[in-house]
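S.K.: Before I ask anything, here is the structure I am working with.
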Amino acid sequence: MNSDETDEVARAARPPSQHSRAHCRVNVVTMRAWAGICVALAACEAAEVPRPTHEGRATILAWEQRGPRAVIADETGVTWSASDRVVTLGPGDSTPRVLASGLKFPVALCRTDVALYVATEGSAGFGGPQIPGEVLRVDGDGTRAIFKPTSFGPADIDCDRDGVYWSLFWTTLTPAGLFSGLMSLDPNGDPIFTLGEPYIGEYIAIDRDYLYWSVERSLMRSPRALPLAAEPVSTTTGWPTNLEISGELVWFVPSMNTGEPGTLFTATPGGTPRMLAEIDDRYLSLSIAIDAAYVYWSDPRSARVMRVAQTGGPPEVFADLQGGPGSIAIYDGAAFWTNSDTGTVVTLSTAEAAL
């Protein structure tokens with residue numbers, strides 16, 4: 001990490017009393033007329049202005065994060081990606097620490113018990129050079145390993161101690177057309193194609209036994225043992241996005257028609273989809289997280305984080321007055337999310353009552 005990055009992260013994590021900014025206040029000390037000329041003397045005073053500790057009712061964990069995107073939370077702390085880096089804040093720490101920098105648009109994160117995995121989107125090269133996407137492994141001691149470039153992509157990643165999987169979406173132009181697929185690591189730690197088909201969905205999720213992914217009007221799964229064998233899980237409308245699983249599958253289907261809301265669905269694998277909520281977001285900008293009782297989602301258009309009971313019912317406002325809420329994570333009775341407009345990472349207890 002260079003000195004500029006160190007200064008920036010340290011400055012963003014200072015206690016509120018140490019944050020300041022200068023502003024100018026005109027103080028007319030004296031004004032007198034002499035020979036028809038008015039003379040005004042002004043003084044500019046620098047005043048200490050404490051940083052806010054809250055955004056709405058959520059507690060701010062970090063400030064001045066450049067374009068925060070994905071966030072995850074577990075026993076090691078809270079980890080998030082920003083425009084070109086990945087940052088973490090451990091339990092009891094007051095200063096975030098940069099884990100990796102110089103990245104090209106880190107879009108997705110996952111962690112096993114031994115390493116953090118980062119998916120970087122790269123650049124398609126429209127109007128400029130193409131920058132390959134990568135999957136980066138960061139070990140606990142800071143050691144970094146970069147897997148072979150995967151062309152433009154990957155889009156989503158999920159992992160546990162038994163495997164690491166990521167999706168490629170609109171990635172590789174082959175003689176047969178535009179090719180996408182799923183990749184994983186073989187027993188030697190090398191990336192391999194595990195499944196490929198045209199226009200595969202970019203969202204994936206895993207549980208103990210299966211890998212799930214989205215395609216148009218359907219959700220698919222395969223036992224995690226290689227080679228993968230795809231089978232349909234549930235039919236749905238549109239193109240499912242933001243796929244999550246916690247006992248049941250939960251996904252969002254955006255509306256592509258102006259003025260119509262998207263729909264949040266849930267289903268047991270193989271079961272009939274059940275609508276949980278209609279969501280006024282047609283631009284794929286929300287994020288979903290699940291705990292034992294609720295499904296949470298970000299709504300950047302209304303500057304809110306919402307939730308609905310997994311058993312159904314009216315949606316609730318969990319947090320308002322947010323600055324562009326994006327990625328959400330739930331861990332140990334707390335919700336964590338990024339605010340891209342204000343450059344903050346915040347948290348709020350899930351025990352809080354709805355507004």
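Please note that chains go A, B, ... in the order of the structure tokens, that every chain numbers its residues from 1, and that ligands are numbered from 1 in the order shown.
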Please list as a PDB file with C-alpha atoms, in the first residue's frame every residue within 12 Å of A:Arg304, counting only C-alpha atoms and excluding residues in the same chain fewer than 2 positions away.

M.R.:
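Result file follows (selection-v9.pdb):
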ATOM      1  CA  GLU A  55     -26.471   7.958   8.368  1.00  0.00           C
ATOM      2  CA  GLY A  56     -30.166   7.892   9.135  1.00  0.00           C
ATOM      3  CA  ARG A  57     -30.221   5.563  12.116  1.00  0.00           C
ATOM      4  CA  ALA A  58     -27.399   3.359  10.809  1.00  0.00           C
ATOM      5  CA  ILE A 279     -40.150  -3.591  -5.707  1.00  0.00           C
ATOM      6  CA  ASP A 280     -39.992  -0.342  -7.635  1.00  0.00           C
ATOM      7  CA  ASP A 281     -36.545  -0.910  -9.058  1.00  0.00           C
ATOM      8  CA  LEU A 286     -30.651  -3.565  -5.562  1.00  0.00           C
ATOM      9  CA  SER A 287     -28.988  -6.204  -3.390  1.00  0.00           C
ATOM     10  CA  TYR A 296     -33.597  -7.497   3.152  1.00  0.00           C
ATOM     11  CA  TRP A 297     -32.953  -5.432   0.042  1.00  0.00           C
ATOM     12  CA  SER A 298     -31.490  -2.071  -0.845  1.00  0.00           C
ATOM     13  CA  ASP A 299     -33.564   0.494  -2.697  1.00  0.00           C
ATOM     14  CA  PRO A 300     -31.219   3.234  -3.907  1.00  0.00           C
ATOM     15  CA  ARG A 301     -33.993   5.143  -5.663  1.00  0.00           C
ATOM     16  CA  SER A 302     -35.804   5.815  -2.377  1.00  0.00           C
ATOM     17  CA  MET A 306     -36.259  -2.524   3.081  1.00  0.00           C
ATOM     18  CA  ARG A 307     -37.237  -5.924   4.430  1.00  0.00           C
ATOM     19  CA  PRO A 315     -42.630  -4.685   3.177  1.00  0.00           C
ATOM     20  CA  GLU A 316     -41.099  -2.648   6.018  1.00  0.00           C
ATOM     21  CA  VAL A 317     -38.707   0.291   5.975  1.00  0.00           C
ATOM     22  CA  PHE A 318     -35.650  -0.930   7.875  1.00  0.00           C
ATOM     23  CA  ALA A 319     -33.504   2.181   7.323  1.00  0.00           C
ATOM     24  CA  ASP A 320     -34.084   5.453   5.490  1.00  0.00           C
ATOM     25  CA  LEU A 321     -32.045   8.564   4.648  1.00  0.00           C
ATOM     26  CA  GLN A 322     -29.272   6.471   3.117  1.00  0.00           C
ATOM     27  CA  GLY A 323     -26.821   7.706   0.512  1.00  0.00           C
ATOM     28  CA  GLY A 324     -27.267   5.257  -2.349  1.00  0.00           C
ATOM     29  CA  PRO A 325     -27.569   1.906  -0.521  1.00  0.00           C
ATOM     30  CA  GLY A 326     -26.052  -0.998  -2.434  1.00  0.00           C
ATOM     31  CA  ILE A 328     -25.994  -5.837   1.888  1.00  0.00           C
ATOM     32  CA  TRP A 337     -24.331  -2.192   3.648  1.00  0.00           C
ATOM     33  CA  THR A 338     -22.472   0.216   1.414  1.00  0.00           C
ATOM     34  CA  ASN A 339     -23.692   3.683   0.387  1.00  0.00           C
ATOM     35  CA  ALA A 354     -39.332  -1.114  11.385  1.00  0.00           C
ATOM     36  CA  LEU A 355     -39.736   2.629  10.848  1.00  0.00           C
TER      37      LEU A 355
END

S.K.: Skipping near chain neighbours, those fewer than 3 positions away, what residues fall within 6 Å of A:Asp84 using only C-alpha atoms, listed as a ChimeraX atom specification?

M.R.: /A:101-105

S.K.: With N, CA and C atoms retained, write the just-selected residues as a PDB file, in the first residue's frame.

M.R.:
ATOM      1  N   SER A 101      -5.014  -3.449  -3.449  1.00  0.00           N
ATOM      2  CA  SER A 101      -5.273  -2.208  -4.182  1.00  0.00           C
ATOM      3  C   SER A 101      -4.809  -2.362  -5.624  1.00  0.00           C
ATOM      4  N   GLY A 102      -5.107  -1.353  -6.433  1.00  0.00           N
ATOM      5  CA  GLY A 102      -4.749  -1.410  -7.843  1.00  0.00           C
ATOM      6  C   GLY A 102      -5.597  -2.382  -8.642  1.00  0.00           C
ATOM      7  N   LEU A 103      -6.809  -2.681  -8.172  1.00  0.00           N
ATOM      8  CA  LEU A 103      -7.684  -3.637  -8.840  1.00  0.00           C
ATOM      9  C   LEU A 103      -8.550  -2.929  -9.884  1.00  0.00           C
ATOM     10  N   LYS A 104      -9.031  -3.689 -10.844  1.00  0.00           N
ATOM     11  CA  LYS A 104      -9.869  -3.147 -11.913  1.00  0.00           C
ATOM     12  C   LYS A 104     -11.321  -3.522 -11.651  1.00  0.00           C
ATOM     13  N   PHE A 105     -12.018  -2.672 -10.895  1.00  0.00           N
ATOM     14  CA  PHE A 105     -13.439  -2.802 -10.634  1.00  0.00           C
ATOM     15  C   PHE A 105     -13.785  -4.111  -9.912  1.00  0.00           C
TER      16      PHE A 105
END

S.K.: Give me the residues within 10 Å of A:Ala292 as a PyMOL selection string, counting only C-alpha atoms and dropping any in the same chain fewer than 6 places off.

M.R.: chain A and resi 246-247+309-310+333

S.K.: Go through A:Tyr294, A:Val86, A:Trp251, A:Asp158 and flag the residue nearest A:Glu278, using only C-alpha atoms for the distances.

M.R.: A:Trp251

S.K.: Grab the atom CA of A:Gly189 to atom CA of A:Leu249 distance for me, in Å with one decimal place.

M.R.: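 Taking atom CA of A:Gly189 as the start and atom CA of A:Leu249 as the end point, the length is 28.9 Å.
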
S.K.: Using only C-alpha atoms, pick whichever of A:Gly140, A:Gly163, A:Gly181, A:Gly77 has the shortest atom-to-atom distance to A:Thr347.

M.R.: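 Under the stated criterion, the closest residue is A:Gly77.
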
S.K.: Please report the interatomic distance between atom CA of A:Met275 and atom CA of A:Ala353 in Å with one decimal.

M.R.: 23.2 Å

S.K.: Could you tell me how far atom CA of A:Tyr212 lies from atom CA of A:Trp239, in Å and to one decimal?

M.R.: 14.2 Å

S.K.: Could you please write out, as a short mmCIF file (atom, residue, chain, number, x, y, z; two decimals) with N, CA and C atoms, in the first residue's frame, every residue of stretch 301-352 of chain A that DSSP assigns to strand (DSSP E or B)?

M.R.:
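states-v6.cif, written as the output of this step:
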data_model
loop_
_atom_site.label_atom_id
_atom_site.label_comp_id
_atom_site.auth_asym_id
_atom_site.auth_seq_id
_atom_site.Cartn_x
_atom_site.Cartn_y
_atom_site.Cartn_z
N ARG A 304 -33.47 3.91 0.75
CA ARG A 304 -33.91 3.08 1.87
C ARG A 304 -33.32 1.67 1.79
N VAL A 305 -33.28 1.02 2.95
CA VAL A 305 -33.10 -0.42 3.03
C VAL A 305 -34.42 -0.99 3.52
N MET A 306 -34.94 -1.96 2.80
CA MET A 306 -36.26 -2.52 3.08
C MET A 306 -36.13 -3.97 3.55
N ARG A 307 -37.21 -4.51 4.09
CA ARG A 307 -37.24 -5.92 4.43
C ARG A 307 -38.68 -6.42 4.41
N VAL A 308 -38.83 -7.74 4.28
CA VAL A 308 -40.13 -8.38 4.33
C VAL A 308 -39.95 -9.72 5.04
N ALA A 309 -40.92 -10.11 5.83
CA ALA A 309 -40.85 -11.39 6.52
C ALA A 309 -40.81 -12.53 5.51
N GLU A 316 -41.37 -3.61 4.96
CA GLU A 316 -41.10 -2.65 6.02
C GLU A 316 -39.89 -1.80 5.65
N VAL A 317 -39.88 -0.56 6.12
CA VAL A 317 -38.71 0.29 5.97
C VAL A 317 -37.77 -0.01 7.14
N PHE A 318 -36.63 -0.60 6.85
CA PHE A 318 -35.65 -0.93 7.88
C PHE A 318 -34.74 0.26 8.17
N ALA A 319 -34.34 0.99 7.15
CA ALA A 319 -33.50 2.18 7.32
C ALA A 319 -33.80 3.15 6.19
N PRO A 325 -27.86 3.23 -1.07
CA PRO A 325 -27.57 1.91 -0.52
C PRO A 325 -27.38 0.87 -1.62
N GLY A 326 -26.37 0.02 -1.43
CA GLY A 326 -26.05 -1.00 -2.43
C GLY A 326 -25.99 -2.38 -1.83
N SER A 327 -24.82 -2.97 -1.86
CA SER A 327 -24.64 -4.35 -1.39
C SER A 327 -24.95 -4.47 0.10
N ILE A 328 -25.61 -5.57 0.50
CA ILE A 328 -25.99 -5.84 1.89
C ILE A 328 -25.44 -7.18 2.33
N ALA A 329 -25.04 -7.25 3.60
CA ALA A 329 -24.64 -8.51 4.22
C ALA A 329 -25.26 -8.59 5.61
N ILE A 330 -25.59 -9.79 6.06
CA ILE A 330 -26.15 -10.01 7.39
C ILE A 330 -25.23 -10.96 8.13
N TYR A 331 -24.87 -10.59 9.38
CA TYR A 331 -24.06 -11.49 10.19
C TYR A 331 -24.29 -11.19 11.67
N ALA A 334 -26.72 -8.40 12.82
CA ALA A 334 -26.50 -7.05 12.31
C ALA A 334 -26.52 -7.06 10.79
N ALA A 335 -27.01 -5.97 10.22
CA ALA A 335 -26.96 -5.75 8.78
C ALA A 335 -25.85 -4.76 8.47
N PHE A 336 -25.16 -4.99 7.37
CA PHE A 336 -24.09 -4.10 6.90
C PHE A 336 -24.37 -3.78 5.44
N TRP A 337 -24.17 -2.52 5.05
CA TRP A 337 -24.33 -2.19 3.65
C TRP A 337 -23.45 -1.02 3.27
N THR A 338 -23.26 -0.89 1.96
CA THR A 338 -22.47 0.22 1.41
C THR A 338 -23.42 1.29 0.90
N ASN A 339 -22.98 2.54 0.97
CA ASN A 339 -23.69 3.68 0.39
C ASN A 339 -22.78 4.33 -0.64
N THR A 344 -19.90 5.65 2.21
CA THR A 344 -19.84 5.13 3.57
C THR A 344 -20.14 3.63 3.59
N VAL A 345 -19.70 3.00 4.69
CA VAL A 345 -20.08 1.64 5.02
C VAL A 345 -20.73 1.72 6.40
N VAL A 346 -21.96 1.17 6.52
CA VAL A 346 -22.74 1.38 7.73
C VAL A 346 -23.27 0.05 8.26
N THR A 347 -23.79 0.10 9.51
CA THR A 347 -24.36 -1.09 10.12
C THR A 347 -25.56 -0.72 10.97
N LEU A 348 -26.47 -1.69 11.15
CA LEU A 348 -27.65 -1.51 11.99
C LEU A 348 -28.11 -2.87 12.48
N SER A 349 -28.45 -2.96 13.77
CA SER A 349 -28.92 -4.21 14.35
C SER A 349 -30.21 -4.65 13.67
#

S.K.: Which neighbours of A:Ala225 fall inside 10 Å, counting only C-alpha atoms, when residues of the same chain fewer than 6 positions from it are skipped, and could you give them as a list in words?

M.R.: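 My reading of the contact set: Gly163, Asp209, Tyr210 and Leu211 of chain A.
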
S.K.: Nearest to A:Arg66 among A:Asp162, A:Ser340, A:Arg274, A:Asp332, with distances taken over only C-alpha atoms: which residue is it?

M.R.: A:Ser340

S.K.: A:Pro232, A:Pro91, A:Pro227, A:Pro240: which is nearest A:Ile204, counting only C-alpha atoms?

M.R.: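 Ranked by minimum distance to A:Ile204, first place goes to A:Pro240.
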